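Comments concern the structure below.
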Number of protein chains: 4
Amino acid sequence: MEAVKAYDLELQLRQLRELRQALELKMKELEYAEGIITATKSERKIYRAFSDLLVEVTKDEAIEHIERTRLVYKREIEKLKEKEKEIMKKLAELRA
Amino acid sequence: MEAVKAYDLELQLRQLRELRQALELKMKELEYAEGIITATKSERKIYRAFSDLLVEVTKDEAIEHIERTRLVYKREIEKLKEKEKEIMKKLAELRA
Amino acid sequence: MEAVKAYDLELQLRQLRELRQALELKMKELEYAEGIITATKSERKIYRAFSDLLVEVTKDEAIEHIERTRLVYKREIEKLKEKEKEIMKKLAELRA
Amino acid sequence: MEAVKAYDLELQLRQLRELRQALELKMKELEYAEGIITATKSERKIYRAFSDLLVEVTKDEAIEHIERTRLVYKREIEKLKEKEKEIMKKLAELRA
């Protein structure tokens with residue numbers, strides 16, 4: 001029974017980590033995009049993807065989108081880290 | 001045997017919910033895109049993705065696509081909600 | 001033992017079907033794109049996605065890509081249908 | 001017990017292979033893109049995807065991105081091949 005519980009907790013932990021890493025990757029990509037967009041003097045065209053449509057956005061709209069998304073991701077990543085800690089604590093107790 | 005049945009129903013329920021949430025997200029994204037496309041006076045270029053090809057579409061074509069897709073998604077979301085209800089009913093009966 | 005075998009075959013069948021349906025969807029999308037590209041007199045800009053890069057292509061390049069991809073998908077879909085038939089035959093034998 | 005171990009190793013092997021094939025496909029796509037970008041005299045517009053934003057990049061930036069990404073993928077593919085070999089060795093020992 002405890003082996004099943006531990007297995008289940010490990011599975012949850014792995015899913016939380018994968019989700020967190022996916023968010024961290026997206027955040028890094030958006031930060032990289034912001035670097036490119038703001039670094040150059042010459043204007044670059046920018047599109048934002050909405051499902052299967054790409055809509056042209058201005059530099060300012062893109063930067064605002066990045067800043068807002070970054071905040072959302074940061075909060076989400078913090079929440080996931082908290083959940084990971086809780087599960088690791090449960091796993092440690094189970095194995096003690 | 002009943003535990004297996006309940007587990008199977010819960011799995012189905014989770015899959016239906018994930019599918020519904022994915023559709024709801026796509027619908028929200030398209031609605032957001034429509035907001036941007038229709039709000040501004042200045043024209044924005046728009047592309048539509050078809051597999052690995054992106055083809056430029058006009059504002060009117062994009063709006064028509066969004067409206068049509070929204071109807072399809074709405075119907076699909078309603079169907080999924082019905083299926084979810086059925087499964088939740090079955091689960092309640094199984095646990096009664 | 002036979003229940004396990006049948007379960008395994010059903011799983012394979014479902015995976016083959018999902019793969020086939022995904023290919024059929026991509027083929028339909030490319031055919032739709034071809035319809036749009038060839039129907040209009042006014043030129044539309046077209047991009048082709050290669051991993052995380054989008055590269056502008058001409059109308060002729062896009063049509064050639066669609067034609068070639070359609071042939072590849074058709075062959076692949078035929079192969080998958082054959083495999084599905086074989087598995088359905090095995091399942092029928094198992095249940096006979 | 002050994003059947004479970006073998007099953008687990010086979011699962012790991014399949015996941016490693018899928019990951020490697022996905023990387024090989026992305027690498028091939030980027031190489032194809034490079035061929036198109038460098039072959040033609042006429043300039044093509046190019047965009048790079050960062051999460052849900054597409055940012056216009058120059059031909060030189062695109063080529064630099066492809067070269068850098070190719071190196072990263074090559075190293076990663078080599079690592080995955082090594083891991084696959086190790087697991088195949090373990091599987092052979094288990095079955096001997």
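Lettering and numbering for the structure tokens are positional, with chains as A, B, ... in the shown order, residues counted from 1 in each chain, and ligands counted from 1 in the shown order.
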
**OP:** Show me which bits of chain C are within 12 Å of chain A, counting only C-alpha atoms, as a ChimeraX atom specification.
**Re:** /C:29,47,52,54

Would you save the residues of that selection, restricted to N, CA, C and O atoms, as a PDB file, in the first residue's frame?
ATOM      1  N   GLU C  29      -6.173  20.290 -44.016  1.00  0.00           N
ATOM      2  CA  GLU C  29      -5.754  21.684 -43.806  1.00  0.00           C
ATOM      3  C   GLU C  29      -4.915  22.181 -44.975  1.00  0.00           C
ATOM      4  O   GLU C  29      -5.098  23.306 -45.440  1.00  0.00           O
ATOM      5  N   TYR C  47       4.034  31.758 -45.536  1.00  0.00           N
ATOM      6  CA  TYR C  47       5.225  31.329 -44.806  1.00  0.00           C
ATOM      7  C   TYR C  47       5.139  29.832 -44.578  1.00  0.00           C
ATOM      8  O   TYR C  47       4.049  29.266 -44.459  1.00  0.00           O
ATOM      9  N   ASP C  52      11.241  26.146 -35.305  1.00  0.00           N
ATOM     10  CA  ASP C  52      10.833  27.436 -34.747  1.00  0.00           C
ATOM     11  C   ASP C  52      11.111  28.612 -35.687  1.00  0.00           C
ATOM     12  O   ASP C  52      11.088  29.756 -35.249  1.00  0.00           O
ATOM     13  N   LEU C  54       9.989  30.595 -39.344  1.00  0.00           N
ATOM     14  CA  LEU C  54       9.013  30.739 -40.424  1.00  0.00           C
ATOM     15  C   LEU C  54       9.716  31.416 -41.589  1.00  0.00           C
ATOM     16  O   LEU C  54      10.283  32.503 -41.423  1.00  0.00           O
TER      17      LEU C  54
END

request  = Name the residues of chain C that come out as strand (DSSP E) in a backbone DSSP run; write them as a PyMOL selection string.
outcome  = chain C and resi 46-50+53-57

Once chain B has been least-squares superposed onto chain C, matching all their Cα atoms in order, can you return it as a tab-separated table (two decimals) with N, CA, C and O atoms, in the first residue's frame?
chain	number	residue	atom	x	y	z
B	1	MET	N	-5.17	-14.37	-20.17
B	1	MET	CA	-4.14	-14.12	-21.18
B	1	MET	C	-4.73	-13.54	-22.47
B	1	MET	O	-4.20	-12.58	-23.02
B	2	GLU	N	-5.89	-14.08	-22.86
B	2	GLU	CA	-6.51	-13.57	-24.09
B	2	GLU	C	-7.08	-12.18	-23.88
B	2	GLU	O	-7.11	-11.38	-24.81
B	3	ALA	N	-7.53	-11.91	-22.65
B	3	ALA	CA	-8.04	-10.57	-22.35
B	3	ALA	C	-6.92	-9.55	-22.47
B	3	ALA	O	-7.11	-8.45	-22.99
B	4	VAL	N	-5.74	-9.93	-22.00
B	4	VAL	CA	-4.58	-9.03	-22.08
B	4	VAL	C	-4.21	-8.77	-23.54
B	4	VAL	O	-3.96	-7.64	-23.93
B	5	LYS	N	-4.20	-9.85	-24.32
B	5	LYS	CA	-3.88	-9.73	-25.75
B	5	LYS	C	-4.88	-8.82	-26.46
B	5	LYS	O	-4.49	-7.95	-27.25
B	6	ALA	N	-6.16	-9.02	-26.16
B	6	ALA	CA	-7.20	-8.21	-26.79
B	6	ALA	C	-7.04	-6.75	-26.38
B	6	ALA	O	-7.16	-5.84	-27.22
B	7	TYR	N	-6.75	-6.52	-25.11
B	7	TYR	CA	-6.56	-5.16	-24.61
B	7	TYR	C	-5.40	-4.49	-25.34
B	7	TYR	O	-5.49	-3.34	-25.76
B	8	ASP	N	-4.32	-5.25	-25.51
B	8	ASP	CA	-3.13	-4.73	-26.18
B	8	ASP	C	-3.42	-4.39	-27.64
B	8	ASP	O	-3.00	-3.34	-28.14
B	9	LEU	N	-4.17	-5.27	-28.30
B	9	LEU	CA	-4.53	-5.01	-29.71
B	9	LEU	C	-5.43	-3.78	-29.83
B	9	LEU	O	-5.27	-2.97	-30.75
B	10	GLU	N	-6.37	-3.64	-28.89
B	10	GLU	CA	-7.26	-2.48	-28.93
B	10	GLU	C	-6.49	-1.18	-28.74
B	10	GLU	O	-6.80	-0.16	-29.35
B	11	LEU	N	-5.50	-1.24	-27.86
B	11	LEU	CA	-4.65	-0.06	-27.61
B	11	LEU	C	-3.90	0.31	-28.90
B	11	LEU	O	-3.86	1.47	-29.30
B	12	GLN	N	-3.31	-0.71	-29.54
B	12	GLN	CA	-2.59	-0.47	-30.80
B	12	GLN	C	-3.52	0.13	-31.85
B	12	GLN	O	-3.16	1.05	-32.56
B	13	LEU	N	-4.73	-0.43	-31.91
B	13	LEU	CA	-5.71	0.03	-32.89
B	13	LEU	C	-6.04	1.50	-32.66
B	13	LEU	O	-6.10	2.30	-33.60
B	14	ARG	N	-6.23	1.86	-31.39
B	14	ARG	CA	-6.58	3.25	-31.07
B	14	ARG	C	-5.45	4.19	-31.46
B	14	ARG	O	-5.68	5.27	-32.00
B	15	GLN	N	-4.22	3.77	-31.19
B	15	GLN	CA	-3.07	4.62	-31.53
B	15	GLN	C	-2.94	4.80	-33.04
B	15	GLN	O	-2.67	5.90	-33.52
B	16	LEU	N	-3.13	3.71	-33.79
B	16	LEU	CA	-3.08	3.80	-35.25
B	16	LEU	C	-4.15	4.75	-35.78
B	16	LEU	O	-3.91	5.57	-36.66
B	17	ARG	N	-5.37	4.63	-35.20
B	17	ARG	CA	-6.46	5.49	-35.64
B	17	ARG	C	-6.19	6.96	-35.35
B	17	ARG	O	-6.47	7.83	-36.17
B	18	GLU	N	-5.66	7.23	-34.17
B	18	GLU	CA	-5.36	8.63	-33.80
B	18	GLU	C	-4.31	9.21	-34.75
B	18	GLU	O	-4.43	10.34	-35.20
B	19	LEU	N	-3.29	8.40	-35.04
B	19	LEU	CA	-2.24	8.83	-35.96
B	19	LEU	C	-2.83	9.10	-37.36
B	19	LEU	O	-2.56	10.13	-37.98
B	20	ARG	N	-3.68	8.18	-37.82
B	20	ARG	CA	-4.30	8.35	-39.14
B	20	ARG	C	-5.17	9.60	-39.18
B	20	ARG	O	-5.12	10.39	-40.12
B	21	GLN	N	-5.97	9.79	-38.13
B	21	GLN	CA	-6.85	10.96	-38.10
B	21	GLN	C	-6.05	12.26	-38.06
B	21	GLN	O	-6.45	13.26	-38.66
B	22	ALA	N	-4.91	12.22	-37.36
B	22	ALA	CA	-4.05	13.43	-37.31
B	22	ALA	C	-3.52	13.74	-38.71
B	22	ALA	O	-3.51	14.90	-39.14
B	23	LEU	N	-3.11	12.70	-39.43
B	23	LEU	CA	-2.62	12.90	-40.80
B	23	LEU	C	-3.73	13.39	-41.72
B	23	LEU	O	-3.53	14.27	-42.56
B	24	GLU	N	-4.92	12.79	-41.57
B	24	GLU	CA	-6.05	13.21	-42.41
B	24	GLU	C	-6.40	14.67	-42.17
B	24	GLU	O	-6.73	15.41	-43.10
B	25	LEU	N	-6.30	15.09	-40.91
B	25	LEU	CA	-6.59	16.49	-40.58
B	25	LEU	C	-5.56	17.42	-41.22
B	25	LEU	O	-5.92	18.43	-41.83
B	26	LYS	N	-4.28	17.05	-41.10
B	26	LYS	CA	-3.22	17.87	-41.71
B	26	LYS	C	-3.41	17.96	-43.22
B	26	LYS	O	-3.21	19.00	-43.82
B	27	MET	N	-3.77	16.84	-43.84
B	27	MET	CA	-3.96	16.81	-45.28
B	27	MET	C	-5.12	17.74	-45.67
B	27	MET	O	-5.00	18.52	-46.60
B	28	LYS	N	-6.20	17.67	-44.92
B	28	LYS	CA	-7.36	18.53	-45.18
B	28	LYS	C	-6.99	20.00	-45.03
B	28	LYS	O	-7.42	20.84	-45.81
B	29	GLU	N	-6.19	20.30	-44.03
B	29	GLU	CA	-5.77	21.69	-43.81
B	29	GLU	C	-4.93	22.20	-44.98
B	29	GLU	O	-5.11	23.31	-45.44
B	30	LEU	N	-4.00	21.34	-45.44
B	30	LEU	CA	-3.16	21.75	-46.57
B	30	LEU	C	-4.00	21.92	-47.84
B	30	LEU	O	-3.77	22.83	-48.63
B	31	GLU	N	-4.99	21.04	-48.01
B	31	GLU	CA	-5.87	21.17	-49.18
B	31	GLU	C	-6.69	22.46	-49.10
B	31	GLU	O	-6.90	23.14	-50.10
B	32	TYR	N	-7.12	22.80	-47.90
B	32	TYR	CA	-7.86	24.05	-47.70
B	32	TYR	C	-6.97	25.23	-48.04
B	32	TYR	O	-7.38	26.17	-48.73
B	33	ALA	N	-5.72	25.17	-47.55
B	33	ALA	CA	-4.75	26.24	-47.83
B	33	ALA	C	-4.54	26.38	-49.33
B	33	ALA	O	-4.51	27.49	-49.87
B	34	GLU	N	-4.44	25.24	-50.01
B	34	GLU	CA	-4.23	25.28	-51.47
B	34	GLU	C	-5.42	25.96	-52.15
B	34	GLU	O	-5.24	26.76	-53.08
B	35	GLY	N	-6.62	25.66	-51.66
B	35	GLY	CA	-7.81	26.29	-52.20
B	35	GLY	C	-7.72	27.81	-52.10
B	35	GLY	O	-7.99	28.53	-53.07
B	36	ILE	N	-7.36	28.29	-50.94
B	36	ILE	CA	-7.25	29.73	-50.71
B	36	ILE	C	-6.15	30.34	-51.58
B	36	ILE	O	-6.35	31.38	-52.22
B	37	ILE	N	-5.00	29.67	-51.60
B	37	ILE	CA	-3.85	30.22	-52.33
B	37	ILE	C	-4.12	30.34	-53.83
B	37	ILE	O	-3.78	31.32	-54.47
B	38	THR	N	-4.78	29.32	-54.38
B	38	THR	CA	-4.97	29.29	-55.83
B	38	THR	C	-6.23	30.05	-56.26
B	38	THR	O	-6.33	30.46	-57.41
B	39	ALA	N	-7.19	30.22	-55.34
B	39	ALA	CA	-8.48	30.82	-55.72
B	39	ALA	C	-8.35	32.30	-56.05
B	39	ALA	O	-8.99	32.79	-56.96
B	40	THR	N	-7.56	32.99	-55.28
B	40	THR	CA	-7.58	34.45	-55.39
B	40	THR	C	-6.59	34.95	-56.43
B	40	THR	O	-5.55	34.36	-56.65
B	41	LYS	N	-6.98	36.06	-57.01
B	41	LYS	CA	-6.08	36.70	-57.95
B	41	LYS	C	-5.01	37.47	-57.21
B	41	LYS	O	-3.85	37.45	-57.58
B	42	SER	N	-5.44	38.20	-56.19
B	42	SER	CA	-4.47	38.98	-55.43
B	42	SER	C	-3.53	38.04	-54.69
B	42	SER	O	-3.96	37.03	-54.14
B	43	GLU	N	-2.28	38.37	-54.72
B	43	GLU	CA	-1.27	37.52	-54.08
B	43	GLU	C	-1.39	37.61	-52.55
B	43	GLU	O	-1.60	38.67	-51.99
B	44	ARG	N	-1.23	36.49	-51.91
B	44	ARG	CA	-1.15	36.45	-50.45
B	44	ARG	C	0.27	36.07	-50.07
B	44	ARG	O	0.86	35.21	-50.72
B	45	LYS	N	0.76	36.67	-49.03
B	45	LYS	CA	2.05	36.22	-48.53
B	45	LYS	C	1.88	34.86	-47.85
B	45	LYS	O	0.85	34.60	-47.24
B	46	ILE	N	2.88	34.01	-47.99
B	46	ILE	CA	2.81	32.67	-47.40
B	46	ILE	C	4.13	32.38	-46.69
B	46	ILE	O	5.20	32.75	-47.16
B	47	TYR	N	4.02	31.76	-45.53
B	47	TYR	CA	5.20	31.32	-44.80
B	47	TYR	C	5.12	29.82	-44.57
B	47	TYR	O	4.03	29.28	-44.45
B	48	ARG	N	6.29	29.21	-44.51
B	48	ARG	CA	6.32	27.78	-44.18
B	48	ARG	C	7.11	27.61	-42.88
B	48	ARG	O	8.14	28.26	-42.70
B	49	ALA	N	6.59	26.79	-41.99
B	49	ALA	CA	7.23	26.58	-40.69
B	49	ALA	C	8.25	25.46	-40.77
B	49	ALA	O	7.96	24.37	-41.28
B	50	PHE	N	9.45	25.76	-40.31
B	50	PHE	CA	10.51	24.75	-40.14
B	50	PHE	C	10.93	24.82	-38.69
B	50	PHE	O	11.64	25.75	-38.30
B	51	SER	N	10.50	23.86	-37.91
B	51	SER	CA	10.75	23.90	-36.47
B	51	SER	C	10.32	25.28	-35.94
B	51	SER	O	9.17	25.65	-36.12
B	52	ASP	N	11.21	26.07	-35.34
B	52	ASP	CA	10.79	27.36	-34.78
B	52	ASP	C	11.07	28.54	-35.71
B	52	ASP	O	11.03	29.68	-35.28
B	53	LEU	N	11.34	28.26	-36.98
B	53	LEU	CA	11.55	29.34	-37.96
B	53	LEU	C	10.45	29.34	-39.00
B	53	LEU	O	10.03	28.29	-39.48
B	54	LEU	N	9.98	30.55	-39.36
B	54	LEU	CA	9.00	30.69	-40.43
B	54	LEU	C	9.68	31.39	-41.58
B	54	LEU	O	10.23	32.48	-41.41
B	55	VAL	N	9.66	30.77	-42.75
B	55	VAL	CA	10.36	31.33	-43.90
B	55	VAL	C	9.35	31.61	-45.01
B	55	VAL	O	8.52	30.75	-45.33
B	56	GLU	N	9.43	32.83	-45.55
B	56	GLU	CA	8.52	33.22	-46.63
B	56	GLU	C	8.75	32.32	-47.85
B	56	GLU	O	9.90	32.06	-48.22
B	57	VAL	N	7.66	31.84	-48.43
B	57	VAL	CA	7.77	31.04	-49.64
B	57	VAL	C	6.85	31.64	-50.71
B	57	VAL	O	5.90	32.36	-50.40
B	58	THR	N	7.15	31.32	-51.96
B	58	THR	CA	6.30	31.82	-53.04
B	58	THR	C	5.06	30.93	-53.16
B	58	THR	O	5.01	29.83	-52.60
B	59	LYS	N	4.11	31.42	-53.92
B	59	LYS	CA	2.89	30.65	-54.17
B	59	LYS	C	3.23	29.30	-54.80
B	59	LYS	O	2.70	28.27	-54.39
B	60	ASP	N	4.12	29.31	-55.77
B	60	ASP	CA	4.49	28.05	-56.44
B	60	ASP	C	5.19	27.09	-55.49
B	60	ASP	O	4.94	25.88	-55.52
B	61	GLU	N	6.07	27.62	-54.66
B	61	GLU	CA	6.74	26.76	-53.68
B	61	GLU	C	5.74	26.14	-52.72
B	61	GLU	O	5.84	24.96	-52.35
B	62	ALA	N	4.77	26.94	-52.30
B	62	ALA	CA	3.76	26.45	-51.37
B	62	ALA	C	2.94	25.33	-52.01
B	62	ALA	O	2.70	24.29	-51.39
B	63	ILE	N	2.52	25.55	-53.25
B	63	ILE	CA	1.71	24.55	-53.94
B	63	ILE	C	2.51	23.26	-54.15
B	63	ILE	O	1.99	22.16	-53.92
B	64	GLU	N	3.76	23.40	-54.51
B	64	GLU	CA	4.60	22.22	-54.69
B	64	GLU	C	4.74	21.45	-53.36
B	64	GLU	O	4.66	20.23	-53.32
B	65	HIS	N	4.94	22.21	-52.28
B	65	HIS	CA	5.04	21.59	-50.96
B	65	HIS	C	3.75	20.84	-50.61
B	65	HIS	O	3.77	19.72	-50.10
B	66	ILE	N	2.61	21.47	-50.90
B	66	ILE	CA	1.32	20.83	-50.59
B	66	ILE	C	1.16	19.55	-51.40
B	66	ILE	O	0.78	18.50	-50.86
B	67	GLU	N	1.47	19.61	-52.68
B	67	GLU	CA	1.30	18.43	-53.53
B	67	GLU	C	2.19	17.27	-53.07
B	67	GLU	O	1.76	16.13	-53.00
B	68	ARG	N	3.44	17.61	-52.75
B	68	ARG	CA	4.37	16.58	-52.31
B	68	ARG	C	3.94	15.97	-50.96
B	68	ARG	O	3.91	14.76	-50.78
B	69	THR	N	3.56	16.86	-50.05
B	69	THR	CA	3.14	16.40	-48.73
B	69	THR	C	1.88	15.56	-48.81
B	69	THR	O	1.73	14.56	-48.11
B	70	ARG	N	0.95	15.96	-49.71
B	70	ARG	CA	-0.28	15.20	-49.87
B	70	ARG	C	0.00	13.77	-50.30
B	70	ARG	O	-0.59	12.82	-49.77
B	71	LEU	N	0.94	13.59	-51.21
B	71	LEU	CA	1.30	12.24	-51.66
B	71	LEU	C	1.87	11.42	-50.50
B	71	LEU	O	1.51	10.26	-50.30
B	72	VAL	N	2.78	12.03	-49.75
B	72	VAL	CA	3.39	11.34	-48.60
B	72	VAL	C	2.31	10.93	-47.60
B	72	VAL	O	2.27	9.78	-47.14
B	73	TYR	N	1.41	11.87	-47.28
B	73	TYR	CA	0.34	11.58	-46.32
B	73	TYR	C	-0.57	10.46	-46.83
B	73	TYR	O	-0.97	9.59	-46.08
B	74	LYS	N	-0.94	10.54	-48.12
B	74	LYS	CA	-1.84	9.53	-48.69
B	74	LYS	C	-1.26	8.13	-48.53
B	74	LYS	O	-1.95	7.21	-48.10
B	75	ARG	N	0.02	7.99	-48.89
B	75	ARG	CA	0.67	6.68	-48.75
B	75	ARG	C	0.66	6.23	-47.29
B	75	ARG	O	0.37	5.08	-47.00
B	76	GLU	N	1.00	7.16	-46.41
B	76	GLU	CA	1.07	6.84	-44.98
B	76	GLU	C	-0.31	6.44	-44.45
B	76	GLU	O	-0.44	5.48	-43.68
B	77	ILE	N	-1.34	7.17	-44.88
B	77	ILE	CA	-2.70	6.86	-44.43
B	77	ILE	C	-3.12	5.47	-44.92
B	77	ILE	O	-3.74	4.69	-44.19
B	78	GLU	N	-2.76	5.12	-46.17
B	78	GLU	CA	-3.08	3.80	-46.70
B	78	GLU	C	-2.42	2.70	-45.87
B	78	GLU	O	-3.04	1.70	-45.52
B	79	LYS	N	-1.13	2.92	-45.55
B	79	LYS	CA	-0.40	1.95	-44.73
B	79	LYS	C	-1.06	1.76	-43.38
B	79	LYS	O	-1.21	0.64	-42.89
B	80	LEU	N	-1.46	2.87	-42.77
B	80	LEU	CA	-2.08	2.79	-41.44
B	80	LEU	C	-3.42	2.05	-41.52
B	80	LEU	O	-3.73	1.24	-40.65
B	81	LYS	N	-4.17	2.29	-42.59
B	81	LYS	CA	-5.45	1.59	-42.76
B	81	LYS	C	-5.23	0.08	-42.88
B	81	LYS	O	-6.00	-0.72	-42.34
B	82	GLU	N	-4.17	-0.30	-43.61
B	82	GLU	CA	-3.84	-1.73	-43.74
B	82	GLU	C	-3.55	-2.34	-42.38
B	82	GLU	O	-4.04	-3.42	-42.05
B	83	LYS	N	-2.73	-1.62	-41.61
B	83	LYS	CA	-2.38	-2.11	-40.26
B	83	LYS	C	-3.62	-2.23	-39.38
B	83	LYS	O	-3.78	-3.18	-38.62
B	84	GLU	N	-4.51	-1.24	-39.49
B	84	GLU	CA	-5.75	-1.28	-38.71
B	84	GLU	C	-6.57	-2.52	-39.07
B	84	GLU	O	-7.10	-3.20	-38.19
B	85	LYS	N	-6.67	-2.81	-40.36
B	85	LYS	CA	-7.42	-3.98	-40.81
B	85	LYS	C	-6.84	-5.27	-40.23
B	85	LYS	O	-7.56	-6.14	-39.76
B	86	GLU	N	-5.50	-5.38	-40.29
B	86	GLU	CA	-4.84	-6.57	-39.74
B	86	GLU	C	-5.17	-6.77	-38.27
B	86	GLU	O	-5.49	-7.88	-37.82
B	87	ILE	N	-5.10	-5.68	-37.52
B	87	ILE	CA	-5.37	-5.78	-36.09
B	87	ILE	C	-6.83	-6.13	-35.84
B	87	ILE	O	-7.15	-6.95	-34.97
B	88	MET	N	-7.73	-5.53	-36.62
B	88	MET	CA	-9.15	-5.86	-36.44
B	88	MET	C	-9.41	-7.33	-36.76
B	88	MET	O	-10.24	-7.97	-36.12
B	89	LYS	N	-8.67	-7.86	-37.74
B	89	LYS	CA	-8.81	-9.29	-38.07
B	89	LYS	C	-8.34	-10.15	-36.89
B	89	LYS	O	-9.01	-11.10	-36.50
B	90	LYS	N	-7.19	-9.79	-36.35
B	90	LYS	CA	-6.67	-10.52	-35.19
B	90	LYS	C	-7.65	-10.48	-34.03
B	90	LYS	O	-7.87	-11.47	-33.34
B	91	LEU	N	-8.23	-9.29	-33.80
B	91	LEU	CA	-9.20	-9.14	-32.70
B	91	LEU	C	-10.43	-10.02	-32.94
B	91	LEU	O	-10.92	-10.67	-32.00
B	92	ALA	N	-10.89	-10.08	-34.19
B	92	ALA	CA	-12.06	-10.90	-34.52
B	92	ALA	C	-11.76	-12.37	-34.27
B	92	ALA	O	-12.59	-13.11	-33.73
B	93	GLU	N	-10.54	-12.79	-34.65
B	93	GLU	CA	-10.14	-14.19	-34.42
B	93	GLU	C	-10.08	-14.51	-32.94
B	93	GLU	O	-10.50	-15.58	-32.49
B	94	LEU	N	-9.54	-13.58	-32.18
B	94	LEU	CA	-9.38	-13.77	-30.74
B	94	LEU	C	-10.74	-13.92	-30.06
B	94	LEU	O	-10.90	-14.64	-29.09
B	95	ARG	N	-11.73	-13.20	-30.59
B	95	ARG	CA	-13.06	-13.20	-29.97
B	95	ARG	C	-13.96	-14.32	-30.50
B	95	ARG	O	-15.02	-14.57	-29.94
B	96	ALA	N	-13.52	-14.95	-31.61
B	96	ALA	CA	-14.36	-15.99	-32.22
B	96	ALA	C	-14.42	-17.23	-31.33
B	96	ALA	O	-13.48	-17.54	-30.62

Margin query: To test your reading of the structure, identify every residue in range 12-74 of chain A that backbone DSSP assigns to helix (DSSP H, G or I), and report it as a PyMOL selection string.
Written below: chain A and resi 12-39+59-74
